[in-house]
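Participant: Below is data-v5.txt; it holds compact mmCIF, C-alpha atoms.
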```txt
# COMPACT_ATOMS: atom_id res chain seq x y z
CA MET N 1 20.68 -39.11 8.14
CA THR N 2 22.83 -36.21 9.14
CA GLU N 3 21.61 -34.04 11.92
CA VAL N 4 21.49 -30.36 11.13
CA LYS N 5 22.65 -28.35 14.09
CA GLU N 6 21.73 -24.71 14.06
CA THR N 7 24.23 -22.34 15.58
CA PRO N 8 22.72 -18.91 15.81
CA LEU N 9 25.08 -15.99 15.46
CA LYS N 10 26.03 -14.70 18.88
CA LYS N 11 28.95 -12.38 18.28
CA VAL N 12 30.41 -10.40 15.40
CA MET N 13 33.81 -8.78 15.28
CA ILE N 14 33.75 -6.15 12.55
CA ILE N 15 36.99 -4.77 11.17
CA CYS N 16 37.12 -1.47 9.29
CA ALA N 17 40.35 -0.48 7.52
CA LYS N 18 39.08 2.28 5.24
CA ALA N 19 37.91 5.85 5.74
CA ALA N 20 35.44 6.37 2.89
CA ILE N 21 31.90 7.13 4.03
CA GLU N 22 30.54 3.92 2.53
CA ASP N 23 33.19 1.70 4.15
CA VAL N 24 32.70 3.24 7.56
CA TYR N 25 28.92 3.11 7.30
CA ALA N 26 29.02 -0.52 6.22
CA THR N 27 30.80 -1.22 9.50
CA LEU N 28 28.49 0.93 11.61
CA ILE N 29 25.26 -0.32 10.07
CA MET N 30 26.30 -3.94 10.48
CA ALA N 31 27.38 -3.37 14.07
CA ASN N 32 24.22 -1.47 14.98
CA GLY N 33 22.10 -4.09 13.26
CA ALA N 34 23.83 -6.76 15.32
CA VAL N 35 23.25 -5.15 18.72
CA MET N 36 19.64 -4.43 17.74
CA GLU N 37 19.19 -8.17 17.20
CA GLY N 38 20.78 -9.01 20.52
CA ILE N 39 24.07 -10.07 18.90
CA GLU N 40 27.24 -8.95 20.64
CA ALA N 41 29.31 -6.61 18.45
CA LYS N 42 32.90 -5.47 18.71
CA LEU N 43 34.37 -3.04 16.22
CA PHE N 44 38.03 -2.82 15.37
CA PHE N 45 39.26 0.21 13.44
CA THR N 46 42.64 0.05 11.76
CA PHE N 47 44.69 2.00 9.21
CA PHE N 48 42.59 4.67 7.51
CA GLY N 49 39.54 3.29 9.29
CA LEU N 50 40.88 5.13 12.34
CA ASP N 51 39.51 8.33 10.78
CA ALA N 52 36.05 7.11 11.76
CA ILE N 53 36.92 7.23 15.46
CA THR N 54 39.33 10.19 15.41
CA LYS N 55 37.54 13.19 16.97
CA LYS N 56 38.89 15.65 14.42
CA ARG N 57 37.91 13.58 11.39
CA MET N 58 34.98 11.34 12.23
CA ASN N 59 32.24 13.69 11.06
CA LYS N 60 34.13 14.87 7.98
CA LEU N 61 34.44 11.63 6.05
CA HIS N 62 34.31 11.71 2.28
CA THR N 63 33.43 9.32 -0.46
CA ALA N 64 35.80 8.83 -3.40
CA VAL N 65 34.59 10.61 -6.54
CA VAL N 66 37.71 9.68 -8.50
CA GLY N 67 38.40 6.04 -9.27
CA ASN N 68 34.96 4.99 -8.11
CA PRO N 69 33.13 3.27 -10.98
CA GLY N 70 29.92 3.04 -8.94
CA MET N 71 29.68 6.82 -8.81
CA ARG N 72 26.76 8.30 -10.76
CA MET N 73 25.45 11.76 -11.50
CA PRO N 74 21.97 12.58 -10.20
CA GLY N 75 19.83 11.00 -12.90
CA GLY N 76 22.10 8.00 -13.36
CA LEU N 77 24.66 9.09 -15.97
CA PRO N 78 28.26 8.04 -15.29
CA PHE N 79 30.19 10.49 -13.13
CA PRO N 80 33.13 11.87 -15.17
CA THR N 81 36.43 11.25 -13.39
CA LEU N 82 37.68 14.67 -14.45
CA LEU N 83 34.77 16.33 -12.67
CA GLY N 84 35.91 14.65 -9.49
CA VAL N 85 39.17 16.58 -9.46
CA VAL N 86 37.42 19.95 -9.40
CA PRO N 87 37.87 21.48 -5.93
CA GLY N 88 34.74 21.16 -3.83
CA VAL N 89 33.10 18.42 -5.88
CA GLU N 90 34.09 15.63 -3.53
CA ALA N 91 32.91 17.65 -0.53
CA GLY N 92 29.62 18.40 -2.28
CA VAL N 93 29.00 14.79 -3.24
CA SER N 94 29.90 13.66 0.29
CA ALA N 95 27.54 16.20 1.86
CA MET N 96 24.77 15.01 -0.44
CA MET N 97 25.33 11.39 0.56
CA LYS N 98 25.20 12.30 4.23
CA LYS N 99 21.97 14.22 3.71
CA GLN N 100 20.36 11.29 1.95
CA MET N 101 21.45 8.91 4.69
CA ASP N 102 20.14 11.24 7.37
CA ALA N 103 16.74 11.14 5.68
CA LEU N 104 16.81 7.36 6.18
CA ASP N 105 17.57 7.88 9.87
CA VAL N 106 21.23 6.96 9.44
CA PRO N 107 22.97 9.32 11.88
CA PRO N 108 26.36 11.05 11.65
CA VAL N 109 29.32 8.92 12.74
CA ASP N 110 29.59 10.19 16.34
CA GLU N 111 25.88 9.73 16.97
CA PHE N 112 26.02 6.28 15.36
CA LEU N 113 28.82 5.23 17.72
CA ASP N 114 26.66 6.56 20.53
CA MET N 115 23.81 4.30 19.42
CA ILE N 116 26.02 1.25 19.06
CA THR N 117 27.70 1.62 22.45
CA ALA N 118 24.31 2.35 24.05
CA GLY N 119 23.34 -1.12 22.87
CA GLY N 120 26.44 -2.68 24.40
CA GLY N 121 28.68 -2.64 21.31
CA GLU N 122 32.38 -2.04 21.92
CA VAL N 123 34.79 0.03 19.85
CA TYR N 124 38.52 -0.61 19.62
CA ALA N 125 41.44 0.98 17.80
CA CYS N 126 44.35 -0.94 16.31
CA LYS N 127 47.60 -0.45 18.21
CA MET N 128 49.89 -0.62 15.23
CA ALA N 129 47.90 1.81 13.12
CA ALA N 130 47.47 4.21 16.05
CA ASP N 131 51.25 4.16 16.55
CA MET N 132 51.79 4.73 12.87
CA PHE N 133 49.43 7.71 12.72
CA LYS N 134 50.67 8.92 16.14
CA LEU N 135 47.23 8.79 17.70
CA THR N 136 46.55 8.31 21.40
CA MET N 137 43.30 7.80 23.33
CA ASP N 138 43.08 11.61 23.62
CA ASP N 139 42.70 11.93 19.85
CA LEU N 140 40.03 9.27 19.70
CA SER N 141 36.30 9.41 20.33
CA GLU N 142 35.08 8.89 23.90
CA HIS N 143 33.37 5.75 22.60
CA VAL N 144 36.67 3.97 22.00
CA LYS N 145 37.20 1.47 24.79
CA ALA N 146 40.89 0.78 24.22
CA ILE N 147 43.75 0.61 21.76
CA ILE N 148 44.49 -3.08 21.33
CA THR N 149 46.80 -5.43 19.44
CA VAL N 150 45.74 -8.03 16.88
CA GLY N 151 46.44 -10.70 19.48
CA GLU N 152 44.00 -9.08 21.87
CA LEU N 153 41.42 -8.85 19.08
CA TYR N 154 41.67 -12.58 18.43
CA ALA N 155 41.55 -13.29 22.15
CA MET N 156 38.10 -11.68 22.32
CA SER N 157 36.88 -13.33 19.10
CA GLY N 158 36.36 -16.83 20.43
CA GLY N 159 33.23 -18.76 21.27
CA ASP N 160 30.44 -20.61 19.50
CA GLY N 161 28.57 -18.54 16.97
CA SER N 162 31.29 -15.89 16.56
CA GLN N 163 32.23 -14.39 13.22
CA ILE N 164 34.90 -11.97 12.09
CA ILE N 165 33.77 -9.63 9.33
CA PHE N 166 36.14 -7.45 7.33
CA THR N 167 34.21 -4.68 5.64
CA MET F 168 -0.08 -17.03 9.42
CA ALA F 169 -1.58 -18.70 12.42
CA GLN F 170 -4.24 -18.15 14.99
CA LYS F 171 -3.36 -17.70 18.57
CA THR F 172 -5.29 -17.10 21.75
CA LEU F 173 -3.83 -14.19 23.67
CA ALA F 174 -5.44 -12.81 26.81
CA GLY F 175 -8.60 -14.73 26.02
CA LYS F 176 -8.91 -13.36 22.49
CA THR F 177 -8.23 -15.31 19.31
CA VAL F 178 -6.06 -13.25 16.96
CA GLU F 179 -4.09 -13.74 13.75
CA VAL F 180 -0.33 -13.70 14.16
CA THR F 181 2.60 -14.05 11.75
CA ASP F 182 5.05 -16.95 11.99
CA GLU F 183 7.20 -14.76 14.18
CA GLY F 184 4.36 -13.85 16.49
CA TYR F 185 3.56 -10.32 15.33
CA LEU F 186 -0.12 -9.35 15.26
CA VAL F 187 -1.51 -9.28 11.74
CA ASN F 188 -4.22 -6.73 12.54
CA ARG F 189 -3.13 -3.82 14.65
CA LYS F 190 -6.69 -3.23 15.84
CA ASP F 191 -6.63 -6.58 17.63
CA TRP F 192 -4.15 -5.05 20.05
CA THR F 193 -4.99 -4.55 23.70
CA LYS F 194 -2.81 -3.84 26.70
CA GLU F 195 -3.51 -7.34 27.97
CA ILE F 196 -2.31 -8.87 24.71
CA ALA F 197 0.86 -6.76 24.89
CA ILE F 198 1.53 -8.02 28.41
CA GLU F 199 1.05 -11.60 27.32
CA ILE F 200 3.31 -11.36 24.24
CA ALA F 201 5.97 -9.65 26.35
CA LYS F 202 5.78 -12.42 28.93
CA GLU F 203 6.65 -14.95 26.22
CA GLU F 204 9.87 -13.00 25.66
CA GLY F 205 10.51 -12.84 29.38
CA ILE F 206 9.80 -9.11 29.69
CA GLU F 207 7.40 -7.66 32.23
CA LEU F 208 5.83 -4.47 30.94
CA THR F 209 5.88 -1.30 33.04
CA GLU F 210 4.36 2.14 32.49
CA LYS F 211 7.57 3.18 30.71
CA HIS F 212 7.26 0.27 28.30
CA PHE F 213 3.72 1.37 27.51
CA GLU F 214 4.83 4.93 26.84
CA VAL F 215 7.20 3.58 24.18
CA ILE F 216 4.52 1.22 22.85
CA GLU F 217 1.92 4.01 22.57
CA TYR F 218 4.48 6.17 20.76
CA LEU F 219 5.26 3.38 18.28
CA ARG F 220 1.57 2.72 17.66
CA LYS F 221 0.93 6.39 17.03
CA GLU F 222 3.93 6.82 14.70
CA SER F 223 3.23 3.61 12.85
CA ALA F 224 -0.42 4.56 12.34
CA ALA F 225 0.82 7.83 10.83
CA GLY F 226 2.86 5.78 8.36
CA ALA F 227 6.29 6.64 9.78
CA GLN F 228 9.29 4.38 9.21
CA LEU F 229 10.40 3.48 12.72
CA SER F 230 13.97 3.34 13.97
CA ILE F 231 15.65 3.31 17.37
CA ARG F 232 17.05 6.72 16.53
CA LYS F 233 13.54 8.11 16.21
CA VAL F 234 12.49 6.60 19.52
CA GLY F 235 15.68 7.98 21.08
CA LYS F 236 14.70 11.46 19.94
CA SER F 237 11.07 11.14 21.02
CA GLY F 238 11.80 12.45 24.50
CA ILE F 239 10.32 9.31 26.07
CA VAL F 240 13.50 7.35 26.55
CA ASP F 241 17.09 7.54 25.27
CA ILE F 242 18.59 4.70 23.25
CA LYS F 243 20.39 3.20 26.21
CA GLY F 244 17.13 3.20 28.14
CA LEU F 245 15.35 1.61 25.18
CA TYR F 246 17.85 -1.28 25.20
CA GLN F 247 17.26 -1.68 28.93
CA LEU F 248 13.49 -1.81 28.46
CA PHE F 249 13.63 -4.27 25.57
CA PRO F 250 16.86 -6.26 25.97
CA GLY F 251 18.04 -8.08 22.87
CA GLY F 252 15.62 -6.32 20.52
CA PRO F 253 14.89 -2.65 21.20
CA LEU F 254 12.85 -2.16 18.04
CA LYS F 255 11.93 -5.75 17.27
CA TYR F 256 10.37 -6.49 20.65
CA SER F 257 8.84 -3.07 21.21
CA SER F 258 7.13 -3.32 17.80
CA LYS F 259 5.96 -6.82 18.56
CA PHE F 260 4.45 -5.78 21.89
CA ALA F 261 2.91 -2.73 20.22
CA GLY F 262 1.02 -4.98 17.84
CA ILE F 263 2.53 -3.35 14.77
CA SER F 264 4.39 -5.09 11.96
CA LYS F 265 7.99 -6.22 12.23
CA PRO F 266 10.33 -3.27 11.64
CA ALA F 267 11.60 -3.14 8.06
CA SER F 268 14.41 -0.68 8.74
CA CYS F 269 18.14 -1.53 8.96
CA VAL F 270 18.72 1.12 11.59
```
Re-express the file's structure as structure tokens.
Facilitator:
Amino acid sequence: MTEVKETPLKKVMIICAKAAIEDVYATLIMANGAVMEGIEAKLFFTFFGLDAITKKRMNKLHTAVVGNPGMRMPGGLPFPTLLGVVPGVEAGVSAMMKKQMDALDVPPVDEFLDMITAGGGEVYACKMAADMFKLTMDDLSEHVKAIITVGELYAMSGGDGSQIIFT
Amino acid sequence: MAQKTLAGKTVEVTDEGYLVNRKDWTKEIAIEIAKEEGIELTEKHFEVIEYLRKESAAGAQLSIRKVGKSGIVDIKGLYQLFPGGPLKYSSKFAGISKPASCV
């Protein structure tokens, strides 16, 4: 008989490389859910994901209305791609999404980072992407602990019950 | 479902130890459930617990954000009061059902 050994999840490293509302929120909801369950969470933002922790951009994220087959009109009809190119449509759709999430007690990005770090979660920015976008700690949210390399990310990913999640 | 004797009273609990009937709840039961999780309840804990009981009775969907905005305690303080489960443990000690929210 084989013995089944349970290894409860103890730590998650969550990597976010995209700036669309849904990608960023996937990261934030998973991280917040982890700390709420007593699981250690570290977030690593890279490439366009850096928007989510850049002061100037973090609360102005958009969702893609063009090239997004999951996009629907209110009522459920497919969302015409051509409509998505009309100025203001993407902003309107994004605002609507944020409003609906707020009704479910999903806060804006800065407040969400506040909640996650209040629970002991840690937020990091990718060194290479920050260099590429010419961002320094001054441009980033106060919740960002440091700008780190991939090597440093792996160094903090070890241990039993650790998982790396790429959203 | 199982029966459990808490603070001298036999009550129904779920597999995870949440009270099935919220009216079974007493302060003594809360203290005993909290002890099992290694948490000693203070006045501040009870303020949060009373708030959760009131909101839950009114049918509200509970979240740590809501508690953080209640004016009783901020989110950091909530984590300090209920380490490892700010909403999970506070709900459990409050004798209400396990939170069904993802935030």
Participant: Residues near segment 116-130 of chain N, anyone? I mean within 9 Å using only C-alpha atoms, not counting same-chain ones fewer than 6 positions away, as a VMD selection string.
Facilitator: (chain N and resid 28 31 to 36 38 40 to 48 50 53 136 to 137 140 143 to 150 153) or (chain F and resid 241 to 247 250 to 251 253)
Participant: Store the residues picked out above in a file with C-alpha atoms, as a PDB file, in the coordinates of the input.
Facilitator:
```pdb
ATOM      1  CA  LEU N  28      28.490   0.930  11.610  1.00  0.00           C
ATOM      2  CA  ALA N  31      27.380  -3.370  14.070  1.00  0.00           C
ATOM      3  CA  ASN N  32      24.220  -1.470  14.980  1.00  0.00           C
ATOM      4  CA  GLY N  33      22.100  -4.090  13.260  1.00  0.00           C
ATOM      5  CA  ALA N  34      23.830  -6.760  15.320  1.00  0.00           C
ATOM      6  CA  VAL N  35      23.250  -5.150  18.720  1.00  0.00           C
ATOM      7  CA  MET N  36      19.640  -4.430  17.740  1.00  0.00           C
ATOM      8  CA  GLY N  38      20.780  -9.010  20.520  1.00  0.00           C
ATOM      9  CA  GLU N  40      27.240  -8.950  20.640  1.00  0.00           C
ATOM     10  CA  ALA N  41      29.310  -6.610  18.450  1.00  0.00           C
ATOM     11  CA  LYS N  42      32.900  -5.470  18.710  1.00  0.00           C
ATOM     12  CA  LEU N  43      34.370  -3.040  16.220  1.00  0.00           C
ATOM     13  CA  PHE N  44      38.030  -2.820  15.370  1.00  0.00           C
ATOM     14  CA  PHE N  45      39.260   0.210  13.440  1.00  0.00           C
ATOM     15  CA  THR N  46      42.640   0.050  11.760  1.00  0.00           C
ATOM     16  CA  PHE N  47      44.690   2.000   9.210  1.00  0.00           C
ATOM     17  CA  PHE N  48      42.590   4.670   7.510  1.00  0.00           C
ATOM     18  CA  LEU N  50      40.880   5.130  12.340  1.00  0.00           C
ATOM     19  CA  ILE N  53      36.920   7.230  15.460  1.00  0.00           C
ATOM     20  CA  THR N 136      46.550   8.310  21.400  1.00  0.00           C
ATOM     21  CA  MET N 137      43.300   7.800  23.330  1.00  0.00           C
ATOM     22  CA  LEU N 140      40.030   9.270  19.700  1.00  0.00           C
ATOM     23  CA  HIS N 143      33.370   5.750  22.600  1.00  0.00           C
ATOM     24  CA  VAL N 144      36.670   3.970  22.000  1.00  0.00           C
ATOM     25  CA  LYS N 145      37.200   1.470  24.790  1.00  0.00           C
ATOM     26  CA  ALA N 146      40.890   0.780  24.220  1.00  0.00           C
ATOM     27  CA  ILE N 147      43.750   0.610  21.760  1.00  0.00           C
ATOM     28  CA  ILE N 148      44.490  -3.080  21.330  1.00  0.00           C
ATOM     29  CA  THR N 149      46.800  -5.430  19.440  1.00  0.00           C
ATOM     30  CA  VAL N 150      45.740  -8.030  16.880  1.00  0.00           C
ATOM     31  CA  LEU N 153      41.420  -8.850  19.080  1.00  0.00           C
TER      32      LEU N 153
ATOM     33  CA  ASP F 241      17.090   7.540  25.270  1.00  0.00           C
ATOM     34  CA  ILE F 242      18.590   4.700  23.250  1.00  0.00           C
ATOM     35  CA  LYS F 243      20.390   3.200  26.210  1.00  0.00           C
ATOM     36  CA  GLY F 244      17.130   3.200  28.140  1.00  0.00           C
ATOM     37  CA  LEU F 245      15.350   1.610  25.180  1.00  0.00           C
ATOM     38  CA  TYR F 246      17.850  -1.280  25.200  1.00  0.00           C
ATOM     39  CA  GLN F 247      17.260  -1.680  28.930  1.00  0.00           C
ATOM     40  CA  PRO F 250      16.860  -6.260  25.970  1.00  0.00           C
ATOM     41  CA  GLY F 251      18.040  -8.080  22.870  1.00  0.00           C
ATOM     42  CA  PRO F 253      14.890  -2.650  21.200  1.00  0.00           C
TER      43      PRO F 253
END
```
Participant: Let me know the centre plus edge lengths, in Å and rounded to one decimal, of a box with edges along x, y and z that contains all listed atoms of segment 135-153 of chain N and is padded by 4 Å on every side, as AutoDock Vina command-line options.
Facilitator:
```
--center_x 40.3 --center_y 0.6 --center_z 20.8 --size_x 21.9 --size_y 30.6 --size_z 15.9
```
Participant: Do you have the atom CA of Tyr185 of chain F-atom CA of Val234 of chain F distance handy?
Facilitator: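 That distance, rounded to one decimal, is 19.6 Å.
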Participant: Would you mind telling me which residue in N:Val93, N:Leu83, N:Ala64, N:Ala103 lies nearest to chain F when using only C-alpha atoms?
Facilitator: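 Of N:Val93, N:Leu83, N:Ala64, N:Ala103, the one nearest chain F is N:Ala103, counting only C-alpha atoms.
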Participant: Would you kindly return, as a list of chain:residue names, each protein, DNA or RNA residue with an atom no farther than 6 Å from any atom of segment 188-196 of chain F, considering all atoms listed in the file and excluding same-chain residues fewer than 4 positions away?
Facilitator: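 Selected residues are F:Leu173, F:Ala174, F:Gly262, F:Ile263.
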Participant: Grab the atom CA of Gly76 of chain N to atom CA of Tyr25 of chain N distance for me, in Å with one decimal place.
Facilitator: 22.3 Å
Participant: Between F:Gly252, F:Gln170, F:Ala267, F:Val215, which has the minimum distance to Lys236 of chain F (counting all atoms listed in the file)?
Facilitator: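 When distances to Lys236 of chain F are compared using all atoms listed in the file, the smallest one comes from F:Val215.
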Participant: Considering all atoms listed in the file, state which residue in the set N:Pro80, N:Gly75, N:Pro107, N:Pro87 is at the smallest distance from chain F.
Facilitator: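 Nearest to chain F: N:Pro107.
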Participant: For Ile231 of chain F, which residue out of N:Ala91, N:Asp114, N:Met96, N:Val12 is the nearest one, using all atoms listed in the file?
Facilitator: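 Between N:Ala91, N:Asp114, N:Met96, N:Val12, the residue approaching Ile231 of chain F most closely is N:Asp114.
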Participant: What does the structure give for the distance between atom CA of Asn68 of chain N and atom CA of Leu104 of chain N, in Å to one decimal?
Facilitator: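 About the pair atom CA of Asn68 of chain N and atom CA of Leu104 of chain N: they are 23.2 Å apart.
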Participant: I'd like the neighbourhood of segment 55-61 of chain N as a ChimeraX atom specification, where a residue qualifies if any of its atoms comes within 9 Å (using all atoms listed in the file), though same-chain residues fewer than 3 positions away should be ignored.
Facilitator: /N:19-21,24,50-52,94,108-110,138-142
Participant: Give me the residues within 12 Å of Lys5 of chain N as a PDB file with C-alpha atoms, keeping the file's coordinate frame, counting all atoms listed in the file and dropping any in the same chain fewer than 3 places off.
Facilitator:
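As a result, result.pdb now contains:
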```
ATOM      1  CA  THR N   2      22.830 -36.210   9.140  1.00  0.00           C
ATOM      2  CA  PRO N   8      22.720 -18.910  15.810  1.00  0.00           C
ATOM      3  CA  GLY N 161      28.570 -18.540  16.970  1.00  0.00           C
TER       4      GLY N 161
END
```
Participant: Which one is closest to chain N: F:Ile206, F:Leu254, F:Ala225, F:Ala261? Count all atoms listed in the file.
Facilitator: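 Using all atoms listed in the file, the shortest distance to chain N belongs to F:Leu254.
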Participant: Rebuild N, CA and C atoms on segment 244-259 of chain F, as a PDB file, in the coordinates of the input?
Facilitator:
```pdb
ATOM      1  N   GLY F 244      18.312   3.587  27.369  1.00  0.00           N
ATOM      2  CA  GLY F 244      17.130   3.200  28.140  1.00  0.00           C
ATOM      3  C   GLY F 244      16.242   2.247  27.357  1.00  0.00           C
ATOM      4  N   LEU F 245      16.171   2.462  26.045  1.00  0.00           N
ATOM      5  CA  LEU F 245      15.350   1.610  25.180  1.00  0.00           C
ATOM      6  C   LEU F 245      15.896   0.172  25.180  1.00  0.00           C
ATOM      7  N   TYR F 246      17.234   0.053  25.131  1.00  0.00           N
ATOM      8  CA  TYR F 246      17.850  -1.280  25.200  1.00  0.00           C
ATOM      9  C   TYR F 246      17.572  -1.934  26.549  1.00  0.00           C
ATOM     10  N   GLN F 247      17.530  -1.105  27.613  1.00  0.00           N
ATOM     11  CA  GLN F 247      17.260  -1.680  28.930  1.00  0.00           C
ATOM     12  C   GLN F 247      15.817  -2.154  29.043  1.00  0.00           C
ATOM     13  N   LEU F 248      14.907  -1.420  28.407  1.00  0.00           N
ATOM     14  CA  LEU F 248      13.490  -1.810  28.460  1.00  0.00           C
ATOM     15  C   LEU F 248      13.220  -3.070  27.636  1.00  0.00           C
ATOM     16  N   PHE F 249      13.880  -3.148  26.484  1.00  0.00           N
ATOM     17  CA  PHE F 249      13.630  -4.270  25.570  1.00  0.00           C
ATOM     18  C   PHE F 249      14.943  -4.971  25.233  1.00  0.00           C
ATOM     19  N   PRO F 250      15.529  -5.676  26.185  1.00  0.00           N
ATOM     20  CA  PRO F 250      16.860  -6.260  25.970  1.00  0.00           C
ATOM     21  C   PRO F 250      16.851  -7.249  24.789  1.00  0.00           C
ATOM     22  N   GLY F 251      17.875  -7.146  23.971  1.00  0.00           N
ATOM     23  CA  GLY F 251      18.040  -8.080  22.870  1.00  0.00           C
ATOM     24  C   GLY F 251      17.185  -7.757  21.649  1.00  0.00           C
ATOM     25  N   GLY F 252      16.432  -6.662  21.688  1.00  0.00           N
ATOM     26  CA  GLY F 252      15.620  -6.320  20.520  1.00  0.00           C
ATOM     27  C   GLY F 252      14.845  -5.045  20.745  1.00  0.00           C
ATOM     28  N   PRO F 253      15.549  -3.908  20.849  1.00  0.00           N
ATOM     29  CA  PRO F 253      14.890  -2.650  21.200  1.00  0.00           C
ATOM     30  C   PRO F 253      13.746  -2.264  20.264  1.00  0.00           C
ATOM     31  N   LEU F 254      13.910  -2.531  18.975  1.00  0.00           N
ATOM     32  CA  LEU F 254      12.850  -2.160  18.040  1.00  0.00           C
ATOM     33  C   LEU F 254      11.965  -3.360  17.712  1.00  0.00           C
ATOM     34  N   LYS F 255      12.629  -4.515  17.609  1.00  0.00           N
ATOM     35  CA  LYS F 255      11.930  -5.750  17.270  1.00  0.00           C
ATOM     36  C   LYS F 255      10.878  -6.087  18.333  1.00  0.00           C
ATOM     37  N   TYR F 256      11.303  -6.120  19.579  1.00  0.00           N
ATOM     38  CA  TYR F 256      10.370  -6.490  20.650  1.00  0.00           C
ATOM     39  C   TYR F 256       9.347  -5.389  20.919  1.00  0.00           C
ATOM     40  N   SER F 257       9.802  -4.130  20.906  1.00  0.00           N
ATOM     41  CA  SER F 257       8.840  -3.070  21.210  1.00  0.00           C
ATOM     42  C   SER F 257       7.745  -3.038  20.144  1.00  0.00           C
ATOM     43  N   SER F 258       8.130  -3.292  18.879  1.00  0.00           N
ATOM     44  CA  SER F 258       7.130  -3.320  17.800  1.00  0.00           C
ATOM     45  C   SER F 258       6.179  -4.496  17.978  1.00  0.00           C
ATOM     46  N   LYS F 259       6.769  -5.612  18.385  1.00  0.00           N
ATOM     47  CA  LYS F 259       5.960  -6.820  18.560  1.00  0.00           C
ATOM     48  C   LYS F 259       4.927  -6.609  19.669  1.00  0.00           C
TER      49      LYS F 259
END
```
